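Have a look at coords_36.cif below; it lists mmCIF, C-alpha atoms and all ligand atoms.
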```
data_query
loop_
_atom_site.label_atom_id
_atom_site.label_comp_id
_atom_site.auth_asym_id
_atom_site.auth_seq_id
_atom_site.Cartn_x
_atom_site.Cartn_y
_atom_site.Cartn_z
CA MET H 29 15.30 -5.94 11.16
CA LYS H 30 12.36 -3.60 11.06
CA SER H 31 10.31 -3.78 14.23
CA LYS H 32 6.73 -2.66 14.50
CA ALA H 33 6.08 1.06 14.34
CA LYS H 34 5.12 2.69 17.61
CA ASN H 35 2.71 5.00 15.83
CA GLU H 36 1.76 5.73 12.24
CA MET H 37 -0.45 7.90 10.11
CA LYS H 38 -1.68 8.05 6.53
CA LEU H 39 -2.80 11.06 4.59
CA VAL H 40 -4.46 10.96 1.17
CA ILE H 41 -4.85 14.29 -0.59
CA PRO H 42 -5.36 15.67 -4.09
CA SER H 43 -2.39 17.44 -5.66
CA ASN H 44 -3.75 20.95 -5.22
CA SER H 45 -0.96 23.40 -4.52
CA ALA H 46 -2.84 24.49 -1.38
CA ASN H 47 -2.19 21.02 0.06
CA GLU H 48 1.60 21.45 0.03
CA SER H 49 1.60 23.53 3.22
CA PHE H 50 -1.11 21.33 4.74
CA ALA H 51 0.97 18.19 4.15
CA ARG H 52 4.16 19.61 5.61
CA THR H 53 2.32 20.96 8.66
CA ALA H 54 0.42 17.70 9.21
CA VAL H 55 3.61 15.63 9.07
CA ALA H 56 5.33 18.05 11.46
CA ALA H 57 2.40 17.88 13.89
CA PHE H 58 2.60 14.08 13.88
CA MET H 59 6.38 14.17 14.28
CA SER H 60 6.09 16.39 17.36
CA GLN H 61 5.39 13.21 19.39
CA LEU H 62 9.10 12.47 19.09
CA ASP H 63 9.88 15.75 20.83
CA PRO H 64 12.20 16.90 18.03
CA THR H 65 14.29 20.05 18.08
CA ILE H 66 13.07 22.99 16.00
CA GLU H 67 15.86 22.20 13.56
CA GLU H 68 14.88 18.53 13.18
CA MET H 69 11.29 19.57 12.62
CA THR H 70 12.24 22.26 10.08
CA ASP H 71 14.41 19.76 8.19
CA VAL H 72 11.52 17.33 7.85
CA LYS H 73 9.07 20.06 6.85
CA THR H 74 11.44 21.23 4.14
CA ALA H 75 11.97 17.71 2.82
CA VAL H 76 8.23 16.90 2.80
CA SER H 77 7.54 20.18 1.08
CA GLU H 78 9.99 19.30 -1.73
CA ALA H 79 8.57 15.79 -2.17
CA VAL H 80 4.96 16.98 -2.28
CA THR H 81 5.80 19.87 -4.61
CA ASN H 82 7.35 17.35 -7.00
CA CYS H 83 4.07 15.40 -7.07
CA ILE H 84 2.15 18.60 -7.78
CA VAL H 85 4.40 20.10 -10.46
CA HIS H 86 5.97 17.02 -12.11
CA ALA H 87 4.00 13.81 -11.43
CA TYR H 88 0.61 15.42 -12.11
CA ARG H 89 1.85 18.29 -14.26
CA ASP H 90 -1.33 19.15 -16.19
CA THR H 91 -3.83 17.44 -13.94
CA ILE H 92 -4.82 16.84 -10.34
CA GLY H 93 -4.00 13.40 -8.95
CA THR H 94 -3.81 11.67 -5.59
CA ILE H 95 -0.85 11.93 -3.23
CA TRP H 96 -0.42 9.29 -0.51
CA ILE H 97 1.67 10.27 2.49
CA GLU H 98 2.63 7.93 5.30
CA ALA H 99 4.64 8.61 8.43
CA LYS H 100 5.87 6.11 11.01
CA ILE H 101 7.48 6.59 14.39
CA TYR H 102 9.74 3.90 15.83
CA GLU H 103 10.64 3.32 19.44
CA ASP H 104 14.28 4.28 18.90
CA GLY H 105 13.46 7.71 17.47
CA ARG H 106 13.56 6.87 13.78
CA PHE H 107 10.94 8.67 11.74
CA PHE H 108 9.96 7.45 8.27
CA ILE H 109 7.99 9.46 5.74
CA SER H 110 6.86 8.23 2.34
CA VAL H 111 5.30 10.35 -0.38
CA LYS H 112 3.73 8.44 -3.25
CA ASP H 113 2.07 9.44 -6.52
CA ARG H 114 0.66 7.57 -9.47
CA GLY H 115 1.79 10.19 -11.93
CA CYS H 116 4.14 10.20 -14.92
CA GLY H 117 7.14 8.55 -13.23
CA ILE H 118 10.86 9.28 -13.65
CA PRO H 119 12.76 7.65 -16.55
CA ASP H 120 16.22 7.92 -14.93
CA VAL H 121 16.15 8.27 -11.15
CA ALA H 122 19.93 8.53 -10.73
CA LYS H 123 20.03 11.43 -13.16
CA ALA H 124 16.96 13.10 -11.62
CA ARG H 125 18.67 13.01 -8.21
CA GLU H 126 21.71 14.92 -9.47
CA PRO H 127 21.79 18.49 -8.18
CA LEU H 128 20.66 21.02 -10.82
CA PHE H 129 18.97 18.39 -13.02
CA THR H 130 15.47 19.55 -13.88
CA THR H 131 12.82 19.02 -16.51
CA GLY H 132 11.00 22.04 -15.16
CA GLY H 133 12.77 24.67 -17.26
CA SER H 134 13.83 28.01 -15.86
CA GLU H 135 11.14 28.00 -13.14
CA ARG H 136 12.88 25.13 -11.31
CA ALA H 137 16.32 24.93 -9.75
CA GLY H 138 16.69 21.14 -9.84
CA LEU H 139 17.55 21.05 -6.17
CA GLY H 140 14.57 19.29 -4.60
CA PHE H 141 16.16 15.85 -4.28
CA ALA H 142 19.43 17.40 -3.09
CA VAL H 143 17.50 19.21 -0.38
CA MET H 144 15.62 16.03 0.66
CA GLU H 145 18.91 14.18 0.81
CA SER H 146 20.72 16.77 2.91
CA PHE H 147 17.87 17.46 5.34
CA THR H 148 17.16 13.80 6.12
CA ASP H 149 19.34 10.79 7.00
CA ARG H 150 18.25 8.60 4.12
CA LEU H 151 16.42 9.10 0.83
CA ARG H 152 15.10 6.34 -1.38
CA VAL H 153 13.37 6.98 -4.70
CA ARG H 154 11.47 4.28 -6.54
CA SER H 155 9.82 5.13 -9.82
CA ALA H 156 8.37 3.61 -12.96
CA VAL H 157 7.41 5.58 -16.06
CA GLY H 158 3.65 5.76 -16.42
CA ARG H 159 3.14 4.18 -12.98
CA GLY H 160 4.38 6.75 -10.49
CA THR H 161 6.97 7.53 -7.88
CA THR H 162 7.52 6.78 -4.20
CA VAL H 163 9.98 8.80 -2.18
CA THR H 164 10.90 7.42 1.25
CA MET H 165 12.86 9.42 3.78
CA GLU H 166 14.25 8.55 7.18
CA LYS H 167 15.05 11.07 9.87
CA ARG H 168 16.72 10.00 13.09
CA VAL H 169 15.49 12.15 15.92
CA ALA H 170 17.94 12.39 18.80
CA GLN H 171 16.62 10.61 21.88
CA ARG H 172 15.86 12.88 24.77
CA TYR H 173 13.68 12.48 27.80
CA ARG H 174 10.15 11.82 26.63
CA HIS H 175 6.80 11.50 28.28
CA ASP H 176 5.33 8.35 26.77
CA GLY H 177 1.59 8.02 26.88
N1 LIG U 1 7.17 12.79 -8.26
C1 LIG U 1 7.78 13.00 -9.45
N2 LIG U 1 7.19 12.58 -10.59
C2 LIG U 1 7.79 12.76 -11.80
N3 LIG U 1 8.99 13.35 -11.97
C3 LIG U 1 9.63 13.79 -10.86
C4 LIG U 1 9.06 13.65 -9.55
N4 LIG U 1 9.93 14.17 -8.66
C5 LIG U 1 10.97 14.62 -9.38
N5 LIG U 1 10.81 14.39 -10.70
C6 LIG U 1 11.79 14.68 -11.78
O1 LIG U 1 13.08 14.84 -11.19
C7 LIG U 1 13.60 16.14 -11.51
C8 LIG U 1 14.42 16.64 -10.33
O2 LIG U 1 13.58 16.90 -9.19
P1 LIG U 1 14.05 17.98 -8.12
O3 LIG U 1 13.01 18.13 -7.11
O4 LIG U 1 15.43 17.63 -7.67
O5 LIG U 1 14.20 19.33 -8.97
P2 LIG U 1 13.02 20.21 -9.60
O6 LIG U 1 11.70 19.83 -9.04
O7 LIG U 1 13.16 20.13 -11.08
O8 LIG U 1 13.43 21.68 -9.12
P3 LIG U 1 13.19 22.28 -7.64
O9 LIG U 1 12.81 21.14 -6.73
O10 LIG U 1 14.51 22.87 -7.27
O11 LIG U 1 12.10 23.29 -7.79
C9 LIG U 1 12.38 16.98 -11.86
O12 LIG U 1 12.72 18.07 -12.70
C10 LIG U 1 11.49 15.95 -12.55
O13 LIG U 1 11.91 15.74 -13.88
MG MG U 2 11.43 19.63 -6.99
#
```
What would you get if you wrote out this structure as structure tokens?
Ligand SMILES: Nc1ncnc2c1ncn2[C@@H]1O[C@H](COP(=O)(O)OP(=O)(O)OP(=O)(O)O)[C@@H](O)[C@H]1O
Ligand SMILES: [Mg+2]
Amino acid sequence: MKSKAKNEMKLVIPSNSANESFARTAVAAFMSQLDPTIEEMTDVKTAVSEAVTNCIVHAYRDTIGTIWIEAKIYEDGRFFISVKDRGCGIPDVAKAREPLFTTGGSERAGLGFAVMESFTDRLRVRSAVGRGTTVTMEKRVAQRYRHDG
């Protein structure tokens, strides 16, 4: 069912906390080709920020590791973002996705996945303990008149 992406990008960065804002801004800049509304763009930035923060604070808790980010634009306005780490992994994904569940103690609210879910149209989380985690999100950007290059 999946046709070929109209455009795509890949970003590979270390899990420095400084790269959280870089990643969200880079994804938003790429997404701007779809001529999104401010709200659609803010939703995606917020979701990417949560996913990347999870790599930084959970996947690579006491170390710096690599984060792979991919974004794809489809002809019909669908926008896919994946955020992948090779960190510690999640033992129980269903439980981790529940609002307020956290292993981060009092510093964390346990709302990251809930935010990703509510600010995008689809959230998929694949994880294996000791291998890492891939979060894939889909945002459908309403079709408006676009200048196509
Ligand atoms: N990339 C990841 N690698 C390993 N564990 C993760 C990853 N992402 C999430 N988790 C686990 O899932 C839990 C829930 O994540 P979620 O983002 O919903 O909340 P949080 O990060 O704990 O708090 P908040 O996002 O509100 O600061 C985390 O506490 C952590 O145990
Ligand atoms: Mg989080």
Check your understanding: Taking all atoms listed in the file into account, which of H:Ser110, H:Thr162, H:Thr148, H:Thr130 comes nearest ligand LIG 1 (chain U)?
Key ->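 Among H:Ser110, H:Thr162, H:Thr148, H:Thr130, it is H:Thr130 that comes nearest to ligand LIG 1 (chain U).
Distances to Ala54 in chain H were evaluated for H:Thr94, H:Ala99, H:Lys32, H:Arg150 using all atoms listed in the file, and the minimum falls at H:Ala99.
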With 12 Å as the cut-off and all atoms listed in the file counted, what is the closest atom pair between each nearby residue of chain H and ligand MG 2 (chain U)? Distances in Å to one decimal, ordered by chain and number, as a tab-separated table.
```
residue	atom	partner	partner_atom	distance
H:Thr74	CA	U:MG2	MG	11.2
H:Ala75	CA	U:MG2	MG	10.0
H:Val76	CA	U:MG2	MG	10.7
H:Ser77	CA	U:MG2	MG	9.0
H:Glu78	CA	U:MG2	MG	5.5
H:Ala79	CA	U:MG2	MG	6.8
H:Val80	CA	U:MG2	MG	8.4
H:Thr81	CA	U:MG2	MG	6.1
H:Asn82	CA	U:MG2	MG	4.7
H:Cys83	CA	U:MG2	MG	8.5
H:Ile84	CA	U:MG2	MG	9.4
H:Val85	CA	U:MG2	MG	7.9
H:His86	CA	U:MG2	MG	7.9
H:Ala87	CA	U:MG2	MG	10.4
H:Ala124	CA	U:MG2	MG	9.7
H:Arg125	CA	U:MG2	MG	9.9
H:Glu126	CA	U:MG2	MG	11.6
H:Pro127	CA	U:MG2	MG	10.5
H:Leu128	CA	U:MG2	MG	10.1
H:Phe129	CA	U:MG2	MG	9.7
H:Thr130	CA	U:MG2	MG	8.0
H:Thr131	CA	U:MG2	MG	9.6
H:Gly132	CA	U:MG2	MG	8.5
H:Gly133	CA	U:MG2	MG	11.5
H:Glu135	CA	U:MG2	MG	10.4
H:Arg136	CA	U:MG2	MG	7.1
H:Ala137	CA	U:MG2	MG	7.7
H:Gly138	CA	U:MG2	MG	6.2
H:Leu139	CA	U:MG2	MG	6.3
H:Gly140	CA	U:MG2	MG	4.0
H:Phe141	CA	U:MG2	MG	6.6
H:Ala142	CA	U:MG2	MG	9.2
H:Val143	CA	U:MG2	MG	9.0
H:Met144	CA	U:MG2	MG	9.4
H:Val163	CA	U:MG2	MG	11.9
```
Exercise for review: Would you please work out which residue, of H:Met165, H:Ala122, H:Ala46, H:Met37, is nearest to ligand LIG 1 (chain U) when using all atoms listed in the file?
Suggested key: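 Among H:Met165, H:Ala122, H:Ala46, H:Met37, it is H:Ala122 that comes nearest to ligand LIG 1 (chain U).
Neighbouring residues of Arg106 in chain H at 7 Å or closer, counting only C-alpha atoms and skipping chain neighbours under 4 positions away, are H:Ile101, H:Tyr102, H:Glu166, H:Lys167, H:Arg168, H:Val169.
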Point to revise | d(CA of Val153 in chain H, atom O5 of ligand LIG 1 (chain U)) in Å | key: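 Atom-to-atom, CA of Val153 in chain H and atom O5 of ligand LIG 1 (chain U) are spaced 13.1 Å apart.
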Point to revise | Point-to-point distance from CA of Phe50 in chain H to CA of Val157 in chain H, Å rounded to tenths | key: 27.4 Å
Review point. When you draw a straight line from CA of Gly93 in chain H to CA of Asp120 in chain H, how long is it in Å?
Key: 21.8 Å
Review point. So which residues fall inside 12 Å of (11.8, 24.3, 12.8) if we count all atoms listed in the file? Mind giving them as a list in words?
Key: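 So the residues meeting the distance criterion are Arg52, Thr53, Ala56, Ala57, Met59, Ser60, Asp63, Pro64, Thr65, Ile66, Glu67, Glu68, Met69, Thr70, Asp71, Val72, Lys73, Thr74, Ala75 and Phe147 of chain H.
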Output C-alpha atoms for every residue in that selection, as an mmCIF file, keeping the file's coordinate frame.
```cif
data_model
loop_
_atom_site.group_PDB
_atom_site.id
_atom_site.type_symbol
_atom_site.label_atom_id
_atom_site.label_comp_id
_atom_site.auth_asym_id
_atom_site.auth_seq_id
_atom_site.Cartn_x
_atom_site.Cartn_y
_atom_site.Cartn_z
ATOM 1 C CA ARG H 52 4.160 19.610 5.610
ATOM 2 C CA THR H 53 2.320 20.960 8.660
ATOM 3 C CA ALA H 56 5.330 18.050 11.460
ATOM 4 C CA ALA H 57 2.400 17.880 13.890
ATOM 5 C CA MET H 59 6.380 14.170 14.280
ATOM 6 C CA SER H 60 6.090 16.390 17.360
ATOM 7 C CA ASP H 63 9.880 15.750 20.830
ATOM 8 C CA PRO H 64 12.200 16.900 18.030
ATOM 9 C CA THR H 65 14.290 20.050 18.080
ATOM 10 C CA ILE H 66 13.070 22.990 16.000
ATOM 11 C CA GLU H 67 15.860 22.200 13.560
ATOM 12 C CA GLU H 68 14.880 18.530 13.180
ATOM 13 C CA MET H 69 11.290 19.570 12.620
ATOM 14 C CA THR H 70 12.240 22.260 10.080
ATOM 15 C CA ASP H 71 14.410 19.760 8.190
ATOM 16 C CA VAL H 72 11.520 17.330 7.850
ATOM 17 C CA LYS H 73 9.070 20.060 6.850
ATOM 18 C CA THR H 74 11.440 21.230 4.140
ATOM 19 C CA ALA H 75 11.970 17.710 2.820
ATOM 20 C CA PHE H 147 17.870 17.460 5.340
#
```
Point to revise | From H:Ile109, H:Ile92, H:Ala33, H:Ala170, residue lying nearest Ala51 in chain H [only C-alpha atoms] | key: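 Among the listed residues, H:Ile109 lies closest to Ala51 in chain H.
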Point to revise | Residue among H:Gly115, H:Arg154, H:Ser134, H:Arg159 lying closest to ligand LIG 1 (chain U), counting all atoms listed in the file | key: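 For ligand LIG 1 (chain U), the nearest of the candidates is H:Gly115.
Counting all atoms listed in the file, the residue from H:Gln171, H:Asn35, H:Ser43, H:Gln61 that sits nearest to ligand LIG 1 (chain U) is H:Ser43.
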Given 3 Å of margin on each side, can you work out the centre and size in Å (one decimal) of an axis-aligned box holding every listed atom of range 133-151 of chain H, as AutoDock Vina command-line options?
```
--center_x 15.9 --center_y 18.3 --center_z -5.1 --size_x 15.6 --size_y 25.4 --size_z 30.3
```
